[in-house]
Each structure stands twice: as C-alpha cells, then as structure tokens.
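Just below is one structure, and these are the notes that go with it.
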Amino acid sequence: MKAHARLVACFADGRTILRELRSMAPLTLFPKRGTGATAVVHLVSSATAPLGGDDLLLTVHVGPGASLRLSGVAATIALPGPHGEPSTSTVDITVDAGGSLEYLPEPTVITAHARHTALLRASLAPDAYLHTREVLVLGRANERPGHLTTTQHITRASTPVLRQTLTIGSDLDASLAHLAGRRVLATDLVIGGPDLPAASGEWWSRSPLAAGGTLTTSLAPDAVTALASLSG
C-alpha cells in the first residue's frame, strides 16, 4: 500500500487555520475544534500499518507565524508482510518563519520479523520552533523485535542541526547490548526553545546541539517510564 497524507497550516485573522487537510488510509488526520491560536490535529491509523510492503508519506507544512500541534492517539505497530517485504514511513516537515510545530506521535512497536525504515526530515526557518519525539518499543511483550532503521535529518536555515541514524538489526543480542538491555528507546528534540544546559540522570541524558536546540535521550523497560524520563 502506498499512501500520502498532507497537512498545511497558515496564520490568518489572528489564528492558525488548516489550509489543506488531506488524508489517505491508513494516514487519517482529524482536526480538533477550537478557537485558540494553535491548531490541533490528531493522527489516526485507520488500518493496520505499517505492514510489510507499505510506503507511507506524511507531509506537514507550517506557514509563517502559524502554530500547529500534531499528535498521535495510539501506538503504531510495525508488522511483517506475507512474503517478508520491508515497510517504509517518511514524515517530511517544513516550518516557515515564525512558525511553530509540535509533532508528538505515540510509540512505534517493532514486532517480530518486521523490516521497517522510518525517516523524519525537517526544514526549519531560522526563527522556527520544532518539538518532536520518537519512542521505539523493540517487540511486544515476550517477543523479539524485527529489523528497524530510523533516521532524523533536521536543518535550520539550510544548516544541519541533527543527522542521526539508528539501526536495530538481526543480531538482537548485540543491539540490546548497545541499549543496555532495555527495550524502549525514546528521544525528544526541541529546536527554537530556551537554551538548556547538558544534564543527565538515571538512564537519560540531555545534550545541547552545536547548531542550536537540545536532544534528550532515554532508555527504559517500558514506554511510560521512557516518556516520564524525557521531562527530566
């Protein structure tokens, strides 16, 4: 299955309006009614996805001065295809001058035998704001995960801010050794917010980025603990 959903937010008459809201199953976008300055949209998976063979694309464009919060409502479950086909998902983000985006999806669970590749690509104006997180769960309860490659490419004013790739491969024992035996890896990225110093605690750390912004990483036995650590 190939699907492309698109969301465009712009600022007009003192508030953010949704100029374009185009869903394509399984990527379904539901706007939340309200009159605030920030537009709120929920991302819902209207079918089992990503399934092996799927190629999913979500495009998000936040116009000048607009403010958008895009959040998930349930975990994403990456499943294998009937013949071992890989699946891919891409989130392509543009935030223009003075724009603000919170992209906060729910956790992604990589099930046994799945082969999934995820890409988050964002292009930000110099004064844009972005807050996004990624929570990866390596397998369901008592299950070994499949293969995952996840990549984040973030630029601001054409300057690279973050370029990182994580691969969890077929050698699970080696992969889990790099993650200290814990099965949930969470990252929280903020660009354009207040400058925060480096900090760390039990199984989490926060690092300032050279080109601006902060990246917080957490390892945990479960998603609830991981998310709680991100606010540490």
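Chain identifiers are assigned as A, B, and so on, following the order in which chains appear in the structure tokens; residues are numbered from 1 within each chain, and ligands are numbered from 1 in order of appearance.
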
Next item on the list: Check range 67-177 of chain A with DSSP on the backbone and list each residue it calls strand (DSSP E), as an MDAnalysis selection string.
Entry: chainID A and resid 67:72 76:78 87:95 100:104 108:110 115:124 129:138 147:156 159:168

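Neighbouring residues of range 186-200 of chain A at 7 Å or closer, counting only C-alpha atoms and skipping chain neighbours under 5 positions away, are A:Asp127, A:Ala128, A:Tyr129, A:Leu130, A:His131, A:Thr132, A:Arg133, A:Glu134, A:Val135, A:Leu136, A:Ser205, A:Arg206, A:Ser207, A:Pro208, A:Gly212, A:Gly213, A:Thr214, A:Leu215, A:Thr216, A:Thr217, A:Ser218, A:Leu219, A:Ala226, A:Leu230.
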
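Among the candidates A:Val73, A:Ala211, A:Val40, A:Ala66, the residue lying nearest to Thr159 in chain A is A:Ala211 (atoms considered: only C-alpha atoms).
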
Just the residues within 6 Å of Leu43 in chain A, please, counting only C-alpha atoms, with nothing from its chain fewer than 5 positions along; format it as a compact mmCIF listing (two decimals) with all heavy atoms, in the first residue's frame.
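File written: selection.txt
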# COMPACT_ATOMS: atom_id res chain seq x y z
N THR A 28 -4.82 9.02 8.63
CA THR A 28 -6.04 9.80 8.72
C THR A 28 -5.83 10.96 9.70
O THR A 28 -5.37 10.76 10.83
CB THR A 28 -7.22 8.92 9.20
OG1 THR A 28 -7.37 7.83 8.28
CG2 THR A 28 -8.50 9.72 9.24
N LEU A 29 -6.17 12.18 9.26
CA LEU A 29 -5.96 13.39 10.04
C LEU A 29 -7.31 13.92 10.52
O LEU A 29 -8.21 14.16 9.71
CB LEU A 29 -5.25 14.44 9.19
CG LEU A 29 -3.86 14.04 8.68
CD1 LEU A 29 -3.40 14.98 7.56
CD2 LEU A 29 -2.84 14.04 9.82
N SER A 71 -0.56 15.33 16.96
CA SER A 71 -0.28 14.27 17.92
C SER A 71 -0.97 12.98 17.52
O SER A 71 -2.00 12.98 16.84
CB SER A 71 -0.73 14.68 19.33
OG SER A 71 -2.12 14.93 19.36
N GLY A 72 -0.38 11.86 17.95
CA GLY A 72 -0.98 10.56 17.71
C GLY A 72 -1.97 10.21 18.81
O GLY A 72 -2.01 10.84 19.87

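Take CA of Val137 in chain A and CA of Ser100 in chain A: the distance between them is 27.7 Å.
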
Note to self: Report as a PyMOL selection string all protein, DNA and RNA residues lying within 7 Å of range 77-91 of chain A, evaluated on only C-alpha atoms, omitting residues in the same chain fewer than 2 positions from it.
What the structure shows: chain A and resi 49-59+75+93+108-111+113-121

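CA of Arg163 in chain A is positioned 24.1 Å from CA of Gly201 in chain A.
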
Checklist line | Among listed residues A:Ser123, A:Thr225, A:Thr76, A:Thr149, nearest Val44 in chain A (using only C-alpha atoms) | finding: A:Thr76

Item checked: Selected residue, from A:Ser231, A:Thr167, A:Ser67, A:Ser45, that lies nearest to Gly14 in chain A when counting only C-alpha atoms -> A:Ser67

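Looking only at range 15-232 of chain A, the set that DSSP places in helix (DSSP H, G or I) from backbone geometry is Leu172, Asp173, Ala174, Ser175, Leu176, Ala177, His178, Ala223, Val224, Thr225, Ala226, Leu227, Ala228, Ser229 and Leu230 of chain A.
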
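Of note, CA of Ala39 in chain A and CA of Glu20 in chain A are spaced 12.4 Å apart.
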
Next item on the list: Would you kindly return, as a ChimeraX atom specification, each protein, DNA or RNA residue with an atom no farther than 6 Å from any atom of Ile154 in chain A, considering only C-alpha atoms and excluding same-chain residues fewer than 6 positions away?
Entry: /A:121-122,161-162
